[in-house]
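**Q** This is the content of my_file17.tsv (TSV, C-alpha atoms):
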```
chain	number	residue	atom	x	y	z
A	165	MET	CA	5.66	12.43	3.35
A	166	ILE	CA	5.49	12.86	-0.40
A	167	GLN	CA	6.88	15.53	-2.69
A	168	VAL	CA	5.80	15.86	-6.31
A	169	SER	CA	8.07	17.71	-8.71
A	170	GLU	CA	7.28	18.63	-12.28
A	171	ARG	CA	9.28	19.01	-15.48
A	172	LYS	CA	8.60	18.84	-19.20
A	173	GLN	CA	10.55	17.00	-21.84
A	174	ASP	CA	9.60	16.78	-25.51
A	175	GLY	CA	6.04	17.73	-24.77
A	176	VAL	CA	5.74	15.08	-22.09
A	177	LEU	CA	4.97	16.00	-18.50
A	178	ILE	CA	7.20	14.21	-16.01
A	179	LEU	CA	6.07	14.11	-12.40
A	180	GLY	CA	8.80	13.08	-9.99
A	181	LEU	CA	7.63	11.37	-6.80
A	182	GLU	CA	9.75	11.51	-3.69
A	183	GLY	CA	9.00	9.76	-0.40
A	184	ARG	CA	6.16	7.36	0.35
A	185	LEU	CA	2.87	6.78	-1.38
A	186	ASP	CA	0.63	5.41	1.36
A	187	ALA	CA	-2.77	5.98	2.95
A	188	SER	CA	-1.71	9.33	4.39
A	189	THR	CA	-0.02	10.74	1.28
A	190	SER	CA	-1.98	9.28	-1.62
A	191	GLY	CA	-4.54	12.10	-1.47
A	192	ILE	CA	-1.81	14.58	-2.35
A	193	LEU	CA	-0.85	12.67	-5.48
A	194	GLU	CA	-4.49	12.10	-6.36
A	195	LYS	CA	-5.22	15.80	-6.36
A	196	ARG	CA	-2.11	16.64	-8.34
A	197	LEU	CA	-2.47	13.88	-10.91
A	198	LEU	CA	-6.19	14.23	-11.56
A	199	GLY	CA	-5.76	18.01	-11.77
A	200	THR	CA	-3.02	17.53	-14.31
A	201	ILE	CA	-5.16	15.26	-16.46
A	202	ASP	CA	-8.14	17.57	-16.14
A	203	GLY	CA	-5.82	20.35	-17.27
A	204	GLY	CA	-5.36	18.55	-20.57
A	205	GLU	CA	-2.04	16.78	-20.09
A	206	ILE	CA	-2.28	13.61	-22.13
A	207	LYS	CA	1.35	12.53	-22.02
A	208	VAL	CA	2.38	11.92	-18.44
A	209	VAL	CA	5.38	10.06	-17.04
A	210	LEU	CA	5.58	9.29	-13.34
A	211	ASP	CA	9.21	9.09	-12.25
A	212	PHE	CA	9.49	6.71	-9.31
A	213	SER	CA	13.25	6.90	-8.81
A	214	SER	CA	12.90	8.63	-5.43
A	215	LEU	CA	9.84	6.75	-4.23
A	216	ASP	CA	10.59	4.38	-1.36
A	217	TYR	CA	7.25	2.78	-0.62
A	218	ILE	CA	3.82	2.18	-2.11
A	219	SER	CA	0.71	0.61	-0.61
A	220	SER	CA	-2.73	-0.15	-2.04
A	221	ALA	CA	-3.77	3.45	-1.41
A	222	GLY	CA	-1.09	4.54	-3.87
A	223	LEU	CA	-1.98	1.85	-6.38
A	224	ARG	CA	-5.59	2.96	-6.20
A	225	VAL	CA	-4.65	6.52	-7.17
A	226	LEU	CA	-2.54	5.26	-10.08
A	227	LEU	CA	-5.37	3.07	-11.33
A	228	MET	CA	-7.86	5.93	-11.15
A	229	ALA	CA	-5.46	8.26	-12.93
A	230	ALA	CA	-4.62	5.72	-15.63
A	231	LYS	CA	-8.30	5.12	-16.35
A	232	LYS	CA	-9.00	8.83	-16.42
A	233	SER	CA	-6.05	9.50	-18.68
A	234	LYS	CA	-7.09	6.77	-21.07
A	235	GLY	CA	-10.62	8.15	-21.12
A	236	ALA	CA	-9.23	11.52	-22.10
A	237	GLY	CA	-7.25	9.99	-24.94
A	238	GLY	CA	-4.02	10.13	-23.03
A	239	LYS	CA	-1.53	7.76	-21.45
A	240	LEU	CA	0.10	7.41	-18.06
A	241	VAL	CA	3.49	5.77	-18.02
A	242	LEU	CA	5.76	4.84	-15.10
A	243	ALA	CA	9.54	4.89	-14.89
A	244	CYS	CA	12.38	3.88	-12.57
A	245	LEU	CA	10.53	1.79	-10.00
A	246	LYS	CA	12.72	0.59	-7.13
A	247	SER	CA	12.74	-3.19	-6.85
A	248	HIS	CA	10.60	-3.43	-3.73
A	249	VAL	CA	8.08	-0.99	-5.21
A	250	ARG	CA	8.05	-3.04	-8.41
A	251	GLU	CA	7.37	-6.11	-6.29
A	252	VAL	CA	4.16	-4.56	-4.97
A	253	PHE	CA	3.09	-3.78	-8.56
A	254	ASP	CA	3.81	-7.37	-9.55
A	255	ILE	CA	1.80	-8.83	-6.67
A	256	ALA	CA	-1.14	-6.57	-7.41
A	257	GLY	CA	-1.02	-7.42	-11.09
A	258	PHE	CA	-0.34	-3.81	-12.00
A	259	SER	CA	2.80	-4.53	-13.98
A	260	SER	CA	0.72	-5.82	-16.84
A	261	ILE	CA	-1.79	-2.98	-16.99
A	262	LEU	CA	0.48	0.04	-16.62
A	263	PRO	CA	3.47	0.63	-18.92
A	264	ILE	CA	6.65	0.53	-16.83
A	265	PHE	CA	10.09	1.59	-18.05
A	266	SER	CA	13.44	1.40	-16.36
A	267	ALA	CA	14.58	4.83	-17.49
A	268	SER	CA	12.84	8.16	-17.72
A	269	ASP	CA	14.04	8.84	-21.30
A	270	GLU	CA	12.67	5.49	-22.43
A	271	ALA	CA	9.34	6.43	-20.88
A	272	VAL	CA	9.29	9.80	-22.63
A	273	ASN	CA	10.16	8.21	-25.97
A	274	SER	CA	7.34	5.71	-25.63
A	275	PHE	CA	4.77	8.36	-26.55
B	205	MET	CA	16.19	-11.94	18.32
B	206	ASN	CA	13.26	-12.75	20.54
B	207	LEU	CA	10.92	-9.99	21.59
B	208	GLU	CA	8.54	-10.26	24.49
B	209	MET	CA	4.92	-9.55	23.71
B	210	ASN	CA	4.42	-5.82	23.31
B	211	GLN	CA	0.85	-4.54	23.50
B	212	GLN	CA	-0.33	-1.07	22.69
B	213	GLU	CA	-3.64	0.55	21.86
B	214	PHE	CA	-4.15	3.08	19.10
B	215	PRO	CA	-7.19	5.04	17.86
B	216	ALA	CA	-8.63	3.28	14.81
B	217	ASN	CA	-8.24	6.43	12.82
B	218	VAL	CA	-6.92	6.75	9.29
B	219	ASP	CA	-4.60	9.55	10.43
B	220	LYS	CA	-2.99	7.23	12.94
B	221	VAL	CA	-2.13	4.49	10.44
B	222	PRO	CA	1.44	5.74	9.90
B	223	VAL	CA	1.95	5.76	13.67
B	224	VAL	CA	0.96	2.10	13.95
B	225	VAL	CA	3.15	1.18	10.99
B	226	GLU	CA	6.13	2.93	12.50
B	227	HIS	CA	5.47	1.29	15.86
B	228	VAL	CA	5.57	-2.19	14.35
B	229	SER	CA	8.55	-1.53	12.10
B	230	GLY	CA	10.50	-0.17	15.07
B	231	LEU	CA	9.88	-3.41	16.95
B	232	ALA	CA	10.76	-5.43	13.87
B	233	GLU	CA	14.07	-3.64	13.69
B	234	LEU	CA	14.74	-4.50	17.33
B	235	ALA	CA	13.92	-8.12	16.58
B	236	GLY	CA	16.47	-8.14	13.79
B	237	VAL	CA	14.02	-8.57	10.92
B	238	HIS	CA	15.68	-8.02	7.53
B	239	PRO	CA	15.00	-4.53	6.06
B	240	LYS	CA	13.34	-5.97	3.01
B	241	ARG	CA	10.95	-7.97	5.17
B	242	ILE	CA	10.34	-4.95	7.37
B	243	MET	CA	8.97	-3.27	4.27
B	244	HIS	CA	6.63	-6.20	3.77
B	245	LEU	CA	5.54	-5.88	7.39
B	246	GLU	CA	4.86	-2.18	6.98
B	247	LEU	CA	2.73	-2.90	3.97
B	248	ALA	CA	0.73	-5.65	5.67
B	249	VAL	CA	0.18	-3.59	8.82
B	250	GLU	CA	-0.87	-0.52	6.85
B	251	GLU	CA	-3.35	-2.50	4.80
B	252	ALA	CA	-4.78	-4.35	7.81
B	253	VAL	CA	-5.14	-1.27	9.99
B	254	MET	CA	-6.72	0.68	7.12
B	255	ASN	CA	-9.34	-2.04	6.76
B	256	ILE	CA	-10.13	-1.86	10.47
B	257	CYS	CA	-10.42	1.93	10.31
B	258	SER	CA	-12.65	1.72	7.26
B	259	TYR	CA	-14.95	-1.15	8.12
B	260	ALA	CA	-14.86	-2.29	11.71
B	261	TYR	CA	-16.38	0.60	13.55
B	262	GLU	CA	-19.76	1.88	12.41
B	263	THR	CA	-19.59	4.72	14.87
B	264	PRO	CA	-16.08	5.96	15.27
B	265	PRO	CA	-13.97	6.43	17.18
B	266	GLY	CA	-12.81	2.96	18.05
B	267	THR	CA	-9.47	1.53	19.00
B	268	VAL	CA	-7.15	-1.09	17.67
B	269	THR	CA	-4.92	-3.07	20.00
B	270	VAL	CA	-1.61	-4.04	18.47
B	271	ARG	CA	0.29	-6.99	19.87
B	272	VAL	CA	3.78	-7.73	18.59
B	273	SER	CA	6.11	-10.55	19.55
B	274	SER	CA	9.02	-12.43	18.07
B	275	GLU	CA	9.83	-15.95	19.12
B	276	ASN	CA	11.42	-18.97	17.47
B	277	GLU	CA	11.93	-17.13	14.21
B	278	ARG	CA	8.27	-16.13	14.04
B	279	PHE	CA	7.45	-12.45	14.08
B	280	MET	CA	3.83	-12.02	14.98
B	281	VAL	CA	1.55	-9.02	14.70
B	282	GLN	CA	-1.94	-9.28	16.08
B	283	LEU	CA	-4.59	-6.61	15.54
B	284	ILE	CA	-7.59	-6.64	17.82
B	285	ASP	CA	-10.62	-4.40	17.50
B	286	GLU	CA	-14.01	-4.29	19.17
B	287	GLY	CA	-15.95	-3.43	16.05
B	288	VAL	CA	-18.68	-5.21	14.16
B	289	PRO	CA	-17.88	-8.78	13.12
B	290	PHE	CA	-15.54	-8.15	10.25
B	291	ASP	CA	-13.30	-10.70	8.59
B	292	PRO	CA	-10.92	-8.79	6.32
B	293	LEU	CA	-9.86	-12.08	4.73
B	294	ALA	CA	-13.39	-12.52	3.43
B	295	LEU	CA	-13.09	-9.38	1.32
B	296	GLU	CA	-13.06	-10.25	-2.33
B	297	GLU	CA	-9.66	-10.09	-3.93
B	298	PRO	CA	-9.49	-8.21	-7.21
B	299	ASP	CA	-9.02	-10.02	-10.50
B	300	ILE	CA	-5.38	-9.28	-11.14
B	301	LYS	CA	-5.64	-10.57	-14.68
B	302	ALA	CA	-8.28	-8.03	-15.69
B	303	GLU	CA	-7.49	-5.33	-18.24
B	304	LEU	CA	-7.14	-1.69	-17.18
B	305	GLU	CA	-10.76	-0.83	-18.03
B	306	ASP	CA	-12.08	-3.75	-16.02
B	307	ARG	CA	-9.84	-3.44	-12.97
B	308	LYS	CA	-11.85	-2.56	-9.92
B	309	ILE	CA	-10.59	-0.02	-7.50
B	310	GLY	CA	-10.41	-1.73	-4.13
B	311	GLY	CA	-9.64	-5.11	-2.59
B	312	LEU	CA	-5.92	-4.86	-3.04
B	313	GLY	CA	-5.14	-4.61	0.64
B	314	VAL	CA	-6.03	-8.21	1.51
B	315	LEU	CA	-4.22	-9.49	-1.55
B	316	LEU	CA	-1.04	-7.73	-0.46
B	317	ILE	CA	-1.33	-8.90	3.15
B	318	ARG	CA	-1.71	-12.50	2.06
B	319	ARG	CA	1.21	-12.37	-0.29
B	320	VAL	CA	3.78	-10.72	1.96
B	321	MET	CA	2.95	-12.45	5.24
B	322	ASP	CA	3.58	-16.14	5.76
B	323	GLU	CA	0.51	-16.80	7.90
B	324	VAL	CA	-2.69	-14.80	8.19
B	325	HIS	CA	-5.60	-15.82	10.45
B	326	TYR	CA	-8.82	-14.18	11.43
B	327	GLU	CA	-10.84	-15.05	14.50
B	328	ARG	CA	-13.96	-13.59	16.05
B	329	LYS	CA	-13.67	-14.02	19.82
B	330	GLY	CA	-16.47	-12.67	21.97
B	331	LEU	CA	-16.88	-9.07	20.89
B	332	SER	CA	-13.47	-8.83	19.25
B	333	ASN	CA	-12.05	-9.24	15.78
B	334	ILE	CA	-8.57	-10.73	15.95
B	335	LEU	CA	-6.32	-10.64	12.91
B	336	THR	CA	-3.04	-12.49	13.35
B	337	MET	CA	-0.21	-12.06	10.85
B	338	VAL	CA	3.02	-14.01	11.12
B	339	MET	CA	6.27	-13.65	9.28
B	340	HIS	CA	8.74	-16.54	9.26
B	341	LEU	CA	12.15	-15.05	9.77
B	342	ASN	CA	14.32	-17.89	8.59
B	343	GLN	CA	13.16	-17.62	4.97
```
Kindly return the structure encoded in the file as structure tokens.
**A**
Amino acid sequence: MIQVSERKQDGVLILGLEGRLDASTSGILEKRLLGTIDGGEIKVVLDFSSLDYISSAGLRVLLMAAKKSKGAGGKLVLACLKSHVREVFDIAGFSSILPIFSASDEAVNSF
Amino acid sequence: MNLEMNQQEFPANVDKVPVVVEHVSGLAELAGVHPKRIMHLELAVEEAVMNICSYAYETPPGTVTVRVSSENERFMVQLIDEGVPFDPLALEEPDIKAELEDRKIGGLGVLLIRRVMDEVHYERKGLSNILTMVMHLNQ
């Protein structure tokens, strides 16, 4: 199960993820995120505070979206990763290629 | 807590991956595995089963047999499929030092399995692929 909520702050789009980002739910985020970028959003924060789990399927979507965003002159930034989710990012080497902040406001201000 | 060998067969279908994950994590809970390590198990099982669903069977559907046991502080998950010879551990791991532009999409599953499980072995036995993953519980 995954729910994606949306809000705007200072011109930055914040997508809130709730639930699990795994092989069965990553398609939902993929569609939403790529659609958002295609729609011209170049400042996107992904709020992970309610995300409990991520697997390689989820990481794959994030990587695709980050590349696409960069290609469109934008940036994808992550915030509020739970420690076990952060661990998966660290193992996969994603912590060094995606900007990660501990608070949503920090993430918004990074643009 | 020790768990006797539990064996169950599942369709090797991407839609069924969450079912297999839940099956294993339920048994892990019974065996008294720490919640944090159960998360690691879920991750490893998801990644391993996904690989079987994606690569093992050229003509779906196929099945994956899941064996779980816990003994002497070793929690073991064994995945057996009757697909083409396929060693998931031979899949190339991604370069985790590469920059965003150069990062390849794919290969992360094996990397994650290896890092969260304490032992991972692959064996081709007869017409079966056998992937054995063990977690040491006293760590």
**Q** Could you work out how far atom CA of Gln173 of chain A lies from atom CA of Leu227 of chain A, giving the answer in Å with one decimal?
**A**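 Computed distance, atom CA of Leu227 of chain A to atom CA of Gln173 of chain A, equals 23.6 Å.
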**Q** Enumerate, in order of chain and increasing residue number, the residues of chain B with an atom no farther than 9 Å from chain A, each with its shortest atom pair and distance in Å to one decimal, counting all atoms listed in the file, as a Markdown table.
**A**
```
| residue | atom | partner | partner_atom | distance |
| --- | --- | --- | --- | --- |
| B:Val218 | CA | A:Ser188 | CA | 7.6 |
| B:Asp219 | CA | A:Ser188 | CA | 6.7 |
| B:Lys220 | CA | A:Ser188 | CA | 8.9 |
| B:Val221 | CA | A:Ala187 | CA | 7.7 |
| B:Pro222 | CA | A:Ser188 | CA | 7.3 |
| B:Lys240 | CA | A:His248 | CA | 7.7 |
| B:Met243 | CA | A:Tyr217 | CA | 8.0 |
| B:His244 | CA | A:His248 | CA | 8.9 |
| B:Leu247 | CA | A:Ser219 | CA | 6.1 |
| B:Ala248 | CA | A:Ser219 | CA | 8.9 |
| B:Glu250 | CA | A:Ser219 | CA | 7.7 |
| B:Glu251 | CA | A:Ser220 | CA | 7.3 |
| B:Met254 | CA | A:Ala187 | CA | 7.8 |
| B:Pro298 | CA | A:Ala256 | CA | 8.5 |
| B:Asp299 | CA | A:Gly257 | CA | 8.4 |
| B:Ile300 | CA | A:Gly257 | CA | 4.7 |
| B:Lys301 | CA | A:Gly257 | CA | 6.6 |
| B:Ala302 | CA | A:Ile261 | CA | 8.3 |
| B:Glu303 | CA | A:Ile261 | CA | 6.3 |
| B:Leu304 | CA | A:Ile261 | CA | 5.5 |
| B:Glu305 | CA | A:Lys231 | CA | 6.7 |
| B:Arg307 | CA | A:Leu227 | CA | 8.1 |
| B:Lys308 | CA | A:Leu227 | CA | 8.7 |
| B:Ile309 | CA | A:Arg224 | CA | 6.0 |
| B:Gly310 | CA | A:Arg224 | CA | 7.0 |
| B:Gly311 | CA | A:Ser220 | CA | 8.5 |
| B:Leu312 | CA | A:Ser220 | CA | 5.8 |
| B:Gly313 | CA | A:Ser220 | CA | 5.7 |
| B:Leu315 | CA | A:Ala256 | CA | 7.2 |
| B:Leu316 | CA | A:Ile255 | CA | 6.9 |
| B:Arg319 | CA | A:Ile255 | CA | 7.3 |
```
**Q** I want to know what sits within 8 Å of segment 233-236 of chain B, based on only C-alpha atoms, with residues of the same chain fewer than 6 positions away left out; could you give that as a list in words?
**A**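 These residues fall inside the cut-off: Met205, Asn206, Leu207, Ile242 and Ser274 of chain B.
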**Q** Got a sec: who's within 10 Å of Ser258 of chain B, counting only C-alpha atoms, leaving out chain neighbours fewer than 4 positions off, as JSON, numbers by chain?
**A** {"B": [216, 217, 218, 252, 253, 254, 262, 264]}
**Q** Residues within 9 Å of Ser233 of chain A, please, as a PyMOL selection string. Count all atoms listed in the file; anything in the same chain fewer than 5 positions from it doesn't count.
**A** chain A and resi 198+201-202+205-208+228+238-240
**Q** May I have the selected residues written with C-alpha atoms, as a tab-separated table (two decimals), in the frame of the given file?
**A**
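As a result, result_16.tsv now contains:
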```tsv
chain	number	residue	atom	x	y	z
A	198	LEU	CA	-6.19	14.23	-11.56
A	201	ILE	CA	-5.16	15.26	-16.46
A	202	ASP	CA	-8.14	17.57	-16.14
A	205	GLU	CA	-2.04	16.78	-20.09
A	206	ILE	CA	-2.28	13.61	-22.13
A	207	LYS	CA	1.35	12.53	-22.02
A	208	VAL	CA	2.38	11.92	-18.44
A	228	MET	CA	-7.86	5.93	-11.15
A	238	GLY	CA	-4.02	10.13	-23.03
A	239	LYS	CA	-1.53	7.76	-21.45
A	240	LEU	CA	0.10	7.41	-18.06
```
**Q** Return the single residue from B:Met209, B:Val223, B:Val338, B:Ala294 that is closest to Arg241 of chain B, with distances computed using all atoms listed in the file.
**A**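 Closest residue, counting all atoms listed in the file: B:Val338.
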